[in-house]
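This is final-v3.cif (mmCIF, C-alpha atoms).
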data_query
#
loop_
_atom_site.label_atom_id
_atom_site.label_comp_id
_atom_site.auth_asym_id
_atom_site.auth_seq_id
_atom_site.Cartn_x
_atom_site.Cartn_y
_atom_site.Cartn_z
CA MET K 30 0.00 0.00 0.00
CA ASN K 31 1.11 3.56 -0.72
CA LYS K 32 1.83 5.88 2.22
CA LYS K 33 -0.66 8.39 0.87
CA ILE K 34 -3.54 7.87 -1.52
CA THR K 35 -5.51 10.20 -3.74
CA GLU K 36 -8.65 12.02 -2.68
CA THR K 37 -10.66 9.80 -5.03
CA ASP K 38 -9.30 6.67 -3.32
CA VAL K 39 -10.05 8.11 0.12
CA ILE K 40 -13.68 8.62 -0.95
CA LEU K 41 -13.91 5.19 -2.60
CA ASN K 42 -12.42 3.45 0.46
CA PHE K 43 -14.89 5.25 2.68
CA LEU K 44 -17.74 4.32 0.37
CA GLU K 45 -16.70 0.64 0.32
CA ASP K 46 -16.29 0.44 4.07
CA SER K 47 -19.46 2.30 4.98
CA ARG K 48 -21.72 1.19 2.16
CA LEU K 49 -24.03 -0.97 4.21
CA ARG K 50 -24.75 1.90 6.58
CA LEU K 51 -25.20 4.68 4.07
CA VAL K 52 -28.61 5.45 2.72
CA LYS K 53 -28.99 5.63 -1.06
CA SER K 54 -29.71 9.35 -1.03
CA VAL K 55 -26.21 10.22 0.17
CA SER K 56 -24.25 11.67 -2.75
CA PHE K 57 -20.56 11.40 -3.57
CA GLU K 58 -18.71 14.12 -5.47
CA PHE K 59 -15.50 12.84 -6.98
CA PRO K 60 -12.74 15.07 -8.28
CA ALA K 61 -13.81 14.54 -11.89
CA GLY K 62 -11.43 13.17 -14.48
CA SER K 63 -10.70 15.83 -17.01
CA TRP K 64 -12.91 18.49 -15.45
CA THR K 65 -10.84 21.27 -14.00
CA GLY K 66 -13.66 23.69 -13.36
CA LYS K 67 -14.46 25.31 -10.06
CA LYS K 68 -16.28 23.13 -7.61
CA ASP K 69 -19.33 24.49 -5.90
CA ARG K 70 -18.04 24.95 -2.38
CA ASN K 71 -21.49 24.68 -0.93
CA ILE K 72 -21.32 20.98 -1.66
CA ALA K 73 -19.15 18.74 0.48
CA ASP K 74 -17.58 15.68 -1.14
CA ILE K 75 -20.04 13.43 0.67
CA HIS K 76 -23.43 14.90 1.42
CA GLY K 77 -26.97 13.85 1.94
CA PRO K 78 -30.23 14.76 3.56
CA ASN K 79 -29.52 13.06 6.84
CA ILE K 80 -25.76 13.46 7.25
CA PRO K 81 -23.60 16.53 7.73
CA GLY K 82 -21.17 17.18 4.86
CA ILE K 83 -17.89 15.29 4.82
CA GLU K 84 -14.89 16.79 3.04
CA ALA K 85 -12.32 14.37 1.63
CA LYS K 86 -8.66 15.16 1.07
CA SER K 87 -5.67 13.04 0.23
CA ASP K 88 -3.72 13.88 3.40
CA PHE K 89 -3.59 15.88 6.61
CA SER K 90 -1.84 18.95 5.21
CA SER K 91 -4.46 19.50 2.50
CA SER K 92 -7.26 18.90 5.02
CA LYS K 93 -5.68 21.45 7.35
CA ARG K 94 -5.34 23.99 4.53
CA ASP K 95 -8.95 23.45 3.57
CA LEU K 96 -10.25 23.99 7.09
CA GLN K 97 -8.15 27.11 7.59
CA ASN K 98 -9.21 28.67 4.30
CA HIS K 99 -12.52 30.28 5.14
CA LYS K 100 -13.16 31.09 1.50
CA LYS K 101 -13.07 27.38 0.72
CA ASN K 102 -14.44 25.80 3.83
CA ASN K 103 -18.15 25.96 4.28
CA ASN K 104 -18.50 25.10 7.97
CA ILE K 105 -17.58 21.51 7.32
CA LEU K 106 -17.00 19.69 10.58
CA HIS K 107 -16.07 16.24 9.28
CA TYR K 108 -12.95 15.40 7.29
CA ILE K 109 -11.60 12.17 5.85
CA TYR K 110 -8.05 11.68 4.52
CA SER K 111 -5.20 9.18 4.40
CA ALA K 112 -1.93 8.71 6.25
CA ASP K 113 0.51 5.93 7.05
CA LYS K 114 0.42 6.89 10.73
CA ILE K 115 -1.16 9.55 12.92
CA LYS K 116 1.01 12.34 14.29
CA GLU K 117 0.54 14.32 17.50
CA GLU K 118 -0.01 17.49 15.47
CA GLU K 119 -3.10 15.99 13.86
CA ILE K 120 -4.66 14.96 17.15
CA SER K 121 -4.28 18.43 18.64
CA PHE K 122 -5.28 20.24 15.46
CA TRP K 123 -8.67 18.55 15.15
CA LYS K 124 -9.32 18.91 18.88
CA GLU K 125 -8.49 22.61 18.90
CA ASN K 126 -10.81 23.19 15.98
CA SER K 127 -13.63 20.99 17.30
CA VAL K 128 -13.70 19.06 14.04
CA SER K 129 -13.94 15.29 13.64
CA ALA K 130 -11.49 13.51 11.38
CA CYS K 131 -11.46 9.99 10.06
CA ILE K 132 -8.11 8.84 8.74
CA PHE K 133 -7.57 5.92 6.43
CA LEU K 134 -4.39 4.25 7.66
CA THR K 135 -2.70 2.88 4.56
CA THR K 136 -0.53 0.54 6.61
CA LYS K 137 -3.54 -1.09 8.26
CA ASN K 138 -6.22 -0.74 5.63
CA LYS K 139 -8.53 0.57 8.37
CA TRP K 140 -9.83 3.87 9.66
CA ALA K 141 -8.84 5.82 12.79
CA ILE K 142 -11.28 8.36 14.17
CA LEU K 143 -10.02 11.52 15.86
CA ASN K 144 -11.94 13.92 18.03
CA SER K 145 -15.21 12.11 17.73
CA GLU K 146 -17.63 14.37 19.53
CA ASP K 147 -20.83 13.30 17.87
CA GLY K 148 -20.07 9.63 17.20
CA PHE K 149 -20.84 10.33 13.55
CA PHE K 150 -18.06 8.29 11.93
CA GLU K 151 -18.60 5.41 14.37
CA LYS K 152 -22.17 5.13 13.13
CA LEU K 153 -21.03 4.84 9.52
CA LEU K 154 -18.01 2.57 9.85
CA PRO K 155 -18.40 -0.91 11.34
CA LEU K 156 -15.94 -1.94 14.05
CA SER K 157 -14.16 -4.32 11.69
CA LYS K 158 -13.16 -1.36 9.52
CA ARG K 159 -11.71 0.68 12.38
CA VAL K 160 -8.46 0.40 14.32
CA MET U 5 -10.34 -23.60 -8.00
CA SER U 6 -11.21 -22.03 -11.34
CA ILE U 7 -9.81 -18.61 -12.17
CA ASN U 8 -12.36 -15.99 -13.16
CA LYS U 9 -12.03 -14.38 -16.56
CA GLN U 10 -10.77 -10.85 -16.09
CA TYR U 11 -11.80 -7.62 -17.75
CA TYR U 12 -10.06 -4.32 -17.15
CA ILE U 13 -11.98 -1.09 -17.18
CA CYS U 14 -9.73 1.94 -17.41
CA ALA U 15 -11.71 4.73 -15.82
CA ASP U 16 -11.19 8.49 -15.93
CA SER U 17 -14.13 8.86 -13.58
CA ALA U 18 -14.93 7.11 -10.30
CA ASP U 19 -18.69 7.54 -10.73
CA LEU U 20 -19.39 4.14 -12.28
CA TYR U 21 -17.46 2.16 -9.68
CA ALA U 22 -19.20 4.09 -6.89
CA TRP U 23 -22.57 3.44 -8.52
CA ILE U 24 -21.89 -0.32 -8.70
CA ILE U 25 -20.78 -0.49 -5.08
CA ARG U 26 -23.90 1.35 -3.96
CA ASN U 27 -26.46 -0.26 -6.21
CA LYS U 28 -25.33 -3.82 -6.83
CA ASN U 29 -24.74 -6.50 -4.30
CA PHE U 30 -21.53 -7.82 -5.88
CA LEU U 31 -18.45 -8.90 -3.99
CA PHE U 32 -15.49 -6.57 -4.42
CA ASP U 33 -11.79 -6.41 -3.57
CA ARG U 34 -9.49 -3.48 -2.96
CA ASN U 35 -6.23 -4.53 -4.60
CA LYS U 36 -2.74 -3.62 -3.43
CA ASP U 37 -2.09 -1.45 -6.47
CA TYR U 38 -5.38 0.39 -5.84
CA SER U 39 -7.16 -1.16 -8.73
CA ARG U 40 -10.54 -2.45 -7.55
CA THR U 41 -12.15 -5.73 -8.54
CA VAL U 42 -15.89 -6.29 -8.76
CA LYS U 43 -17.02 -9.90 -9.10
CA ILE U 44 -19.97 -10.12 -11.45
CA PRO U 45 -21.92 -13.33 -12.02
CA PHE U 46 -22.68 -14.21 -15.65
CA ASN U 47 -24.84 -17.32 -16.05
CA ASN U 48 -22.64 -20.10 -14.67
CA GLN U 49 -19.43 -18.16 -14.23
CA VAL U 50 -18.07 -15.14 -12.40
CA VAL U 51 -16.15 -12.37 -14.13
CA ASP U 52 -13.62 -10.11 -12.42
CA LEU U 53 -14.21 -6.56 -13.61
CA ILE U 54 -11.05 -4.73 -12.55
CA PHE U 55 -11.32 -0.95 -12.31
CA VAL U 56 -8.07 0.85 -13.04
CA HIS U 57 -8.77 4.45 -12.13
CA LYS U 58 -6.55 6.98 -13.86
CA PHE U 59 -5.85 8.94 -10.70
CA SER U 60 -5.22 5.86 -8.56
CA ASN U 61 -2.74 3.99 -10.68
CA ARG U 62 -1.53 6.19 -13.51
CA LYS U 63 1.22 3.80 -14.55
CA LYS U 64 -1.10 0.86 -15.09
CA TYR U 65 -3.76 3.08 -16.66
CA ASP U 66 -1.25 4.50 -19.16
CA SER U 67 0.20 1.10 -20.02
CA LEU U 68 -3.24 -0.22 -20.92
CA THR U 69 -4.60 2.82 -22.75
CA LYS U 70 -1.54 4.48 -24.33
CA ASN U 71 -2.00 3.03 -27.82
CA PHE U 72 -5.76 3.60 -27.91
CA LEU U 73 -5.62 7.14 -26.56
CA SER U 74 -2.92 8.10 -29.07
CA LYS U 75 -5.72 8.01 -31.64
CA THR U 76 -7.77 10.77 -30.04
CA ALA U 77 -7.33 14.07 -28.23
CA GLY U 78 -8.89 13.47 -24.85
CA THR U 79 -9.65 10.80 -22.30
CA PRO U 80 -13.03 9.07 -22.51
CA ASP U 81 -14.59 8.00 -19.21
CA TYR U 82 -14.38 4.21 -19.60
CA ILE U 83 -12.28 1.94 -21.81
CA LEU U 84 -12.95 -1.78 -21.45
CA PHE U 85 -10.42 -4.52 -22.24
CA SER U 86 -10.70 -8.26 -21.97
CA GLU U 87 -7.68 -9.99 -20.43
CA ASP U 88 -6.76 -11.61 -23.74
CA SER U 89 -6.81 -8.54 -25.96
CA GLU U 90 -4.54 -5.52 -26.26
CA ASN U 91 -7.29 -3.64 -28.03
CA PRO U 92 -10.33 -2.39 -26.16
CA ILE U 93 -13.72 -4.00 -26.66
CA LEU U 94 -15.71 -0.89 -25.67
CA CYS U 95 -15.23 2.83 -25.11
CA ILE U 96 -17.79 5.01 -23.32
CA GLU U 97 -18.10 8.69 -22.55
CA ASP U 98 -21.01 9.44 -20.27
CA SER U 99 -22.42 12.71 -19.06
CA LYS U 100 -25.07 13.55 -16.52
CA THR U 101 -25.95 16.80 -18.22
CA ALA U 102 -27.64 17.41 -21.56
CA PRO U 103 -25.73 19.72 -23.85
CA VAL U 104 -27.46 22.62 -25.54
CA GLY U 105 -26.83 24.13 -28.98
CA ASN U 106 -23.32 23.86 -30.34
CA SER U 107 -22.06 22.44 -27.06
CA VAL U 108 -23.00 19.03 -28.45
CA ILE U 109 -19.95 19.07 -30.70
CA GLN U 110 -17.90 20.84 -28.07
CA ARG U 111 -18.11 17.65 -26.02
CA LEU U 112 -17.08 15.27 -28.73
CA ASP U 113 -13.38 15.99 -29.04
CA LYS U 114 -12.59 12.86 -27.02
CA LEU U 115 -14.84 10.59 -29.03
CA TRP U 116 -15.15 11.87 -32.59
CA PRO U 117 -11.68 10.80 -33.79
CA LEU U 118 -12.38 7.32 -32.37
CA MET U 119 -15.93 7.18 -33.74
CA ILE U 120 -14.91 7.92 -37.33
CA SER U 121 -11.61 6.04 -37.37
CA THR U 122 -11.52 2.85 -39.42
CA GLU U 123 -8.60 1.66 -37.28
CA ILE U 124 -10.73 1.54 -34.13
CA LYS U 125 -12.83 -1.61 -34.16
CA CYS U 126 -14.62 -1.43 -30.80
CA PRO U 127 -17.93 0.36 -30.19
CA VAL U 128 -17.39 3.99 -29.17
CA VAL U 129 -20.48 5.22 -27.37
CA TYR U 130 -21.78 8.45 -25.86
CA ILE U 131 -24.36 8.08 -23.09
CA GLY U 132 -26.29 10.98 -21.63
CA PRO U 133 -29.73 12.47 -21.13
CA LYS U 134 -31.57 13.66 -24.23
CA LYS U 135 -32.89 16.73 -22.47
CA GLY U 136 -31.78 18.97 -19.66
CA LEU U 137 -32.42 22.29 -18.05
CA ASP U 138 -30.65 25.17 -19.75
CA ALA U 139 -29.71 27.27 -16.73
CA SER U 140 -29.26 30.44 -18.82
CA ASN U 141 -32.96 30.70 -19.69
CA LYS U 142 -34.46 28.09 -17.36
CA GLN U 143 -35.92 26.08 -20.22
CA MET U 144 -35.65 22.41 -21.08
CA ARG U 145 -33.36 21.99 -24.07
CA GLY U 146 -31.32 19.20 -25.49
CA TRP U 147 -30.04 17.08 -28.30
CA GLU U 148 -33.14 17.12 -30.46
CA GLN U 149 -32.78 20.86 -31.03
CA SER U 150 -29.18 20.59 -32.18
CA TRP U 151 -28.18 20.41 -35.85
CA PHE U 152 -25.72 17.67 -34.92
CA TYR U 153 -28.54 15.45 -33.70
CA LYS U 154 -30.66 16.17 -36.75
CA SER U 155 -27.86 15.63 -39.22
CA ILE U 156 -26.21 12.50 -37.77
CA ALA U 157 -26.78 11.47 -34.13
CA LYS U 158 -30.45 10.52 -34.55
CA ASP U 159 -29.48 8.00 -37.24
CA ILE U 160 -27.03 6.11 -35.03
CA PRO U 161 -28.79 5.62 -31.67
CA GLU U 162 -26.43 2.77 -30.78
CA VAL U 163 -23.56 5.31 -30.85
CA PHE U 164 -25.43 8.19 -29.20
CA ARG U 165 -27.41 6.44 -26.48
CA LEU U 166 -29.58 9.32 -25.37
CA LEU U 167 -31.82 8.77 -22.40
CA ASP U 168 -35.43 9.92 -22.69
CA ASP U 169 -36.11 9.83 -18.97
CA VAL U 170 -34.37 12.72 -17.20
CA ASN U 171 -34.31 10.64 -14.01
CA GLN U 172 -32.57 7.69 -15.63
CA ASP U 173 -29.08 7.17 -14.24
CA VAL U 174 -26.28 7.36 -16.83
CA CYS U 175 -24.15 5.03 -14.68
CA GLU U 176 -26.87 2.40 -14.85
CA GLU U 177 -26.97 2.70 -18.63
CA SER U 178 -23.16 2.51 -18.85
CA PHE U 179 -23.15 -0.56 -16.62
CA LEU U 180 -25.84 -2.23 -18.73
CA LEU U 181 -23.84 -1.66 -21.88
CA ILE U 182 -20.62 -2.95 -20.29
CA THR U 183 -22.32 -6.15 -19.12
CA GLU U 184 -23.92 -6.58 -22.55
CA ILE U 185 -20.50 -6.36 -24.23
CA ILE U 186 -18.87 -8.69 -21.68
CA SER U 187 -21.66 -11.18 -22.20
CA LYS U 188 -21.07 -11.14 -25.97
CA ASN U 189 -17.33 -11.46 -25.46
CA LEU U 190 -17.81 -14.45 -23.15
CA ALA U 191 -19.99 -16.06 -25.80
CA GLY U 192 -17.28 -15.51 -28.40
CA GLU U 193 -19.46 -13.15 -30.42
CA GLN U 194 -17.85 -10.52 -32.64
CA ILE U 195 -18.38 -7.06 -31.18
CA GLN U 196 -18.77 -4.69 -34.06
CA LYS U 197 -18.51 -0.94 -34.06
CA THR U 198 -21.12 1.03 -35.98
CA GLN U 199 -19.08 2.53 -38.76
CA ILE U 200 -19.90 6.10 -39.65
CA THR U 201 -19.95 6.14 -43.44
CA LYS U 202 -18.42 8.79 -45.69
CA GLU U 203 -21.91 9.72 -46.85
CA MET U 204 -22.95 10.40 -43.27
CA LEU U 205 -19.77 12.39 -42.68
CA SER U 206 -20.23 14.41 -45.81
CA ALA U 207 -23.78 15.32 -44.83
CA MET U 208 -22.56 16.24 -41.38
CA ASN U 209 -19.79 18.44 -42.76
CA LYS U 210 -22.32 20.33 -44.88
CA SER U 211 -24.56 20.75 -41.87
CA MET U 212 -21.61 21.95 -39.82
CA GLU U 213 -20.79 24.61 -42.45
CA LYS U 214 -24.38 25.75 -42.37
CA HIS U 215 -24.81 25.87 -38.61
CA VAL U 216 -21.46 26.63 -37.01
CA ARG U 217 -21.17 30.40 -37.12
CA THR U 218 -17.37 30.34 -37.19
CA TYR U 219 -17.10 27.78 -40.00
CA ASN U 220 -17.90 28.89 -43.52
CA LYS U 221 -16.89 26.85 -46.58
CA ASN U 222 -13.43 25.73 -45.46
CA ILE U 223 -12.63 28.76 -43.31
CA PHE U 224 -12.67 28.60 -39.51
CA SER U 225 -12.63 31.90 -37.63
CA GLY U 226 -13.33 30.85 -34.03
CA LYS U 227 -11.27 32.22 -31.16
CA LEU U 228 -9.05 29.35 -30.02
CA PHE U 229 -7.91 31.14 -26.86
CA GLN U 230 -9.68 33.25 -24.30
CA ARG U 231 -8.67 36.86 -23.64
CA SER U 232 -6.63 35.65 -20.69
CA GLY U 233 -4.70 33.40 -23.05
CA VAL U 234 -6.02 30.12 -21.75
CA ASP U 235 -7.41 27.48 -24.11
CA ALA U 236 -10.96 28.08 -25.35
CA HIS U 237 -12.07 24.48 -25.15
CA PRO U 238 -15.37 24.85 -27.08
CA ALA U 239 -13.76 26.52 -30.10
CA GLN U 240 -10.81 24.12 -30.09
CA SER U 241 -13.11 21.12 -29.87
CA THR U 242 -15.20 22.44 -32.76
CA LEU U 243 -12.07 22.92 -34.87
CA LEU U 244 -10.90 19.42 -34.00
CA LEU U 245 -14.18 17.98 -35.28
CA ILE U 246 -13.87 20.03 -38.46
CA THR U 247 -10.29 18.93 -39.16
CA GLU U 248 -10.97 15.26 -38.32
CA THR U 249 -14.01 15.23 -40.58
CA ARG U 250 -12.28 17.00 -43.47
CA LYS U 251 -9.25 14.71 -43.23
CA THR U 252 -11.39 11.57 -43.25
CA LEU U 253 -13.36 12.86 -46.23
CA GLY U 254 -10.16 13.73 -48.10
CA LEU U 255 -11.17 17.41 -48.31
CA PRO U 256 -8.57 20.20 -48.44
CA SER U 257 -7.36 21.33 -45.03
CA ALA U 258 -9.39 24.00 -43.26
CA THR U 259 -8.05 27.54 -43.39
CA LEU U 260 -7.75 29.37 -40.09
CA GLN U 261 -8.65 33.03 -39.99
CA ILE U 262 -7.07 33.85 -36.63
CA THR U 263 -4.81 36.51 -35.17
CA GLU U 264 -1.06 36.18 -35.37
CA THR U 265 -0.92 35.84 -31.59
CA HIS U 266 -3.34 32.93 -31.65
CA LYS U 267 -1.49 31.37 -34.56
CA GLN U 268 1.79 31.47 -32.62
CA LYS U 269 0.12 30.07 -29.51
CA LEU U 270 -1.41 27.28 -31.56
CA LEU U 271 1.90 26.39 -33.19
CA LYS U 272 3.68 26.28 -29.84
CA SER U 273 0.97 24.50 -27.88
CA LYS U 274 1.65 21.12 -26.34
CA THR U 275 -1.95 20.18 -25.63
CA ARG U 276 -3.09 16.96 -27.31
CA ARG U 277 -6.13 18.62 -28.86
CA LEU U 278 -4.16 21.39 -30.58
CA LYS U 279 -1.33 19.09 -31.62
CA ARG U 280 -3.88 16.79 -33.22
CA ILE U 281 -5.49 19.71 -35.06
CA LEU U 282 -2.08 20.64 -36.50
CA ASN U 283 -1.37 17.03 -37.42
CA ASN U 284 -4.70 16.83 -39.22
CA GLY U 285 -3.55 19.78 -41.29
CA VAL U 286 -4.62 23.43 -41.34
CA ASN U 287 -3.72 26.43 -43.48
CA PHE U 288 -3.36 29.99 -42.23
CA GLN U 289 -4.89 32.95 -43.95
#

Just dump the structure as structure tokens.
Amino acid sequence: MNKKITETDVILNFLEDSRLRLVKSVSFEFPAGSWTGKKDRNIADIHGPNIPGIEAKSDFSSSKRDLQNHKKNNNILHYIYSADKIKEEEISFWKENSVSACIFLTTKNKWAILNSEDGFFEKLLPLSKRV
Amino acid sequence: MSINKQYYICADSADLYAWIIRNKNFLFDRNKDYSRTVKIPFNNQVVDLIFVHKFSNRKKYDSLTKNFLSKTAGTPDYILFSEDSENPILCIEDSKTAPVGNSVIQRLDKLWPLMISTEIKCPVVYIGPKKGLDASNKQMRGWEQSWFYKSIAKDIPEVFRLLDDVNQDVCEESFLLITEIISKNLAGEQIQKTQITKEMLSAMNKSMEKHVRTYNKNIFSGKLFQRSGVDAHPAQSTLLLITETRKTLGLPSATLQITETHKQKLLKSKTRRLKRILNNGVNFQ
């Protein structure tokens, strides 16, 4: 497994691992192939009528940039991304910002949840898919 | 244990794989190289449909598609290969939105060279809704109003699979077509492409001259670059269709009536679309 994976693979992994718990009306917005146009920032990468928006990024640094850029971030409180291991900086960053993060650990092929205040990610990902 | 027959689907878009995972109850595997295998039952056997997404495994994607994509100027959404063939057995571009007016041909730069090539033997198919909401005037518009539909697309519905129902899912239609082609391949049937004849092309070229404002006789006067200098995709795509069509018909090269700045930008450009236009042959006025 690669240390870091693309945003598309983060979304697809999340979709595969949560598919039995996601209702059909939840939508997935993939970074489209050849399309380089501007994405509507009012739409999170994963969104639906009964779940808060989830923003997907390939890694922690791009997730951090996204959250800190108020022009880009639209009050999204749930992020997913990939890493080979979790660093102290990530744990404190999400806690300080009161945002939940779900990290796909490429070395374990499972998800780690950080700063889970609402138990949101736990509801979507079965235990077998989490570290 | 028997080994499943494998098919590779080289995908520029993750939409189809996501649709299958959400809507079909097939087993699937996440492979170490980040290709993804879906196990699809066909009668008494199971087929491994292996998704190689362009942005997940570029090396594998390029190795499978390099030869095929060298014959066009863009990247279609899905290119299907069987494990025992270097040449694809199907190529699909799908779109969730209905184009309006001239934007029909502005979307075909990826497909048109493949559709009219006699070298390409596999079906090359566009799938999308027939109608859609035109946001500019809040009216339903679509293919049937376009000259391209009237002059050619309506006569080859197996190439332009246009969906009547606005709620019909393009991924579902793409998946149906893929399984239909795999089924034929498993049965050893020949999978034939609908060949666009020279008569059809000639009629289309005449229609294009009549309806494309920037194309008159053999002169093209569209603006290939925006004021900012970036590529004007719609105009470039239109010119690509013109040059491909003229070349296939054996007509003299189109003459470009463009500014010197645009001419120099065109000559220096490294984009596949513009390089292909130059290779097809153009004159400058």

Report task. Give as a ChimeraX atom specification every residue, naming chains and numbers as the document does, that has an atom within 9 Å of (-19.7, 18.8, 13.2), counting all atoms listed in the file. Result -> /K:81-82,104-107,127-129,146-147,149

Export C-alpha atoms of the chosen residues as a short mmCIF file (atom, residue, chain, number, x, y, z; two decimals), in the frame of the given file?
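File out35.cif, as written:
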data_model
loop_
_atom_site.label_atom_id
_atom_site.label_comp_id
_atom_site.auth_asym_id
_atom_site.auth_seq_id
_atom_site.Cartn_x
_atom_site.Cartn_y
_atom_site.Cartn_z
CA PRO K 81 -23.60 16.53 7.73
CA GLY K 82 -21.17 17.18 4.86
CA ASN K 104 -18.50 25.10 7.97
CA ILE K 105 -17.58 21.51 7.32
CA LEU K 106 -17.00 19.69 10.58
CA HIS K 107 -16.07 16.24 9.28
CA SER K 127 -13.63 20.99 17.30
CA VAL K 128 -13.70 19.06 14.04
CA SER K 129 -13.94 15.29 13.64
CA GLU K 146 -17.63 14.37 19.53
CA ASP K 147 -20.83 13.30 17.87
CA PHE K 149 -20.84 10.33 13.55
#

Report task. Define the interface residues of chain U facing chain K as those within 7 Å, counting only C-alpha atoms, and report them as a PyMOL selection string. Result -> chain U and resi 16-18+22+25-26+36-37+60

Using C-alpha atoms, can you write the selected residues to a file as an mmCIF file, keeping the file's coordinate frame?
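Saved the output as result.cif:
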data_model
loop_
_atom_site.group_PDB
_atom_site.id
_atom_site.type_symbol
_atom_site.label_atom_id
_atom_site.label_comp_id
_atom_site.auth_asym_id
_atom_site.auth_seq_id
_atom_site.Cartn_x
_atom_site.Cartn_y
_atom_site.Cartn_z
ATOM 1 C CA ASP U 16 -11.190 8.490 -15.930
ATOM 2 C CA SER U 17 -14.130 8.860 -13.580
ATOM 3 C CA ALA U 18 -14.930 7.110 -10.300
ATOM 4 C CA ALA U 22 -19.200 4.090 -6.890
ATOM 5 C CA ILE U 25 -20.780 -0.490 -5.080
ATOM 6 C CA ARG U 26 -23.900 1.350 -3.960
ATOM 7 C CA LYS U 36 -2.740 -3.620 -3.430
ATOM 8 C CA ASP U 37 -2.090 -1.450 -6.470
ATOM 9 C CA SER U 60 -5.220 5.860 -8.560
#

Which residues are close to region 230-241 of chain U, i.e. within 10 Å by all atoms listed in the file, leaving aside same-chain residues fewer than 6 positions away? Reply as a short mmCIF file (atom, residue, chain, number, x, y, z; two decimals) with C-alpha atoms, keeping the file's coordinate frame.
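Listed below is the output, out_31.cif:
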data_model
loop_
_atom_site.label_atom_id
_atom_site.label_comp_id
_atom_site.auth_asym_id
_atom_site.auth_seq_id
_atom_site.Cartn_x
_atom_site.Cartn_y
_atom_site.Cartn_z
CA ALA U 77 -7.33 14.07 -28.23
CA ASN U 106 -23.32 23.86 -30.34
CA SER U 107 -22.06 22.44 -27.06
CA VAL U 108 -23.00 19.03 -28.45
CA ILE U 109 -19.95 19.07 -30.70
CA GLN U 110 -17.90 20.84 -28.07
CA ARG U 111 -18.11 17.65 -26.02
CA LEU U 112 -17.08 15.27 -28.73
CA ASP U 113 -13.38 15.99 -29.04
CA LYS U 114 -12.59 12.86 -27.02
CA TRP U 116 -15.15 11.87 -32.59
CA THR U 218 -17.37 30.34 -37.19
CA PHE U 224 -12.67 28.60 -39.51
CA THR U 247 -10.29 18.93 -39.16
CA THR U 265 -0.92 35.84 -31.59
CA HIS U 266 -3.34 32.93 -31.65
CA LYS U 269 0.12 30.07 -29.51
CA LEU U 270 -1.41 27.28 -31.56
CA SER U 273 0.97 24.50 -27.88
CA THR U 275 -1.95 20.18 -25.63
CA ARG U 277 -6.13 18.62 -28.86
CA LEU U 278 -4.16 21.39 -30.58
CA ILE U 281 -5.49 19.71 -35.06
#

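Residues near the point (-19.9, 4.7, -17.8), at a distance of 8 Å or less over only C-alpha atoms, make up Asp19, Leu20, Asp81, Tyr82, Ile96, Glu97, Asp98, Ile131, Val174, Cys175, Glu176, Glu177, Ser178 and Phe179 of chain U.
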
Query - Closest of U:Val129, U:Val51, U:Leu31, U:Val42 to Phe164 (chain U) - atom-to-atom distances counting all atoms listed in the file - result: U:Val129

Query - Selection near Ala112 (chain K), 6 Å with only C-alpha atoms, sequence-local residues under 2 positions removed, as a ChimeraX atom specification - result: /K:33,114,134

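This file, queried with the PyMOL selection byres ((chain K and resi 156) around 12), gives the residues K:Asp46, K:Ser47, K:Lys139, K:Trp140, K:Ala141, K:Ile142, K:Phe150, K:Glu151, K:Lys152, K:Leu153, K:Leu154, K:Pro155, K:Ser157, K:Lys158, K:Arg159, K:Val160.
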
Query raised in the report: Could you work out how far CA of Lys134 (chain U) lies from CA of Ile75 (chain K), giving the answer in Å with one decimal?
Result: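 Here the two named atoms are 27.4 Å from each other.
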
Requested in this report: Just give me the gap between CA of Lys188 (chain U) and CA of Lys28 (chain U) in Å, one decimal is fine.
Outcome: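 So the answer is 20.9 Å.
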
Selection near region 146-149 of chain U, 6 Å with all atoms listed in the file, sequence-local residues under 4 positions removed, as a PDB file with C-alpha atoms, in the frame of the given file:
ATOM      1  CA  ALA U 102     -27.640  17.410 -21.560  1.00  0.00           C
ATOM      2  CA  PRO U 103     -25.730  19.720 -23.850  1.00  0.00           C
ATOM      3  CA  VAL U 104     -27.460  22.620 -25.540  1.00  0.00           C
ATOM      4  CA  LYS U 134     -31.570  13.660 -24.230  1.00  0.00           C
ATOM      5  CA  LYS U 135     -32.890  16.730 -22.470  1.00  0.00           C
ATOM      6  CA  GLY U 136     -31.780  18.970 -19.660  1.00  0.00           C
ATOM      7  CA  TYR U 153     -28.540  15.450 -33.700  1.00  0.00           C
TER       8      TYR U 153
END

Requested in this report: Grab the CA of Asn29 (chain U) to CA of Ile44 (chain U) distance for me, in Å with one decimal place.
Outcome: 9.3 Å

Got a sec: who's within 9 Å of Trp123 (chain K), counting all atoms listed in the file, leaving out chain neighbours fewer than 5 positions off, as an mmCIF file with C-alpha atoms, keeping the file's coordinate frame?
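out.cif, written as the output of this step:
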data_model
loop_
_atom_site.group_PDB
_atom_site.id
_atom_site.type_symbol
_atom_site.label_atom_id
_atom_site.label_comp_id
_atom_site.auth_asym_id
_atom_site.auth_seq_id
_atom_site.Cartn_x
_atom_site.Cartn_y
_atom_site.Cartn_z
ATOM 1 C CA LYS K 93 -5.680 21.450 7.350
ATOM 2 C CA GLU K 118 -0.010 17.490 15.470
ATOM 3 C CA VAL K 128 -13.700 19.060 14.040
ATOM 4 C CA SER K 129 -13.940 15.290 13.640
ATOM 5 C CA ALA K 130 -11.490 13.510 11.380
ATOM 6 C CA LEU K 143 -10.020 11.520 15.860
ATOM 7 C CA ASN K 144 -11.940 13.920 18.030
#

Query - Matched chain/residue IDs from the PyMOL selection byres ((chain U and resi 127) around 12), as a PyMOL selection string - result: chain U and resi 82-85+91-97+115+118-126+128-130+160+162-165+181-182+184-185+194-200
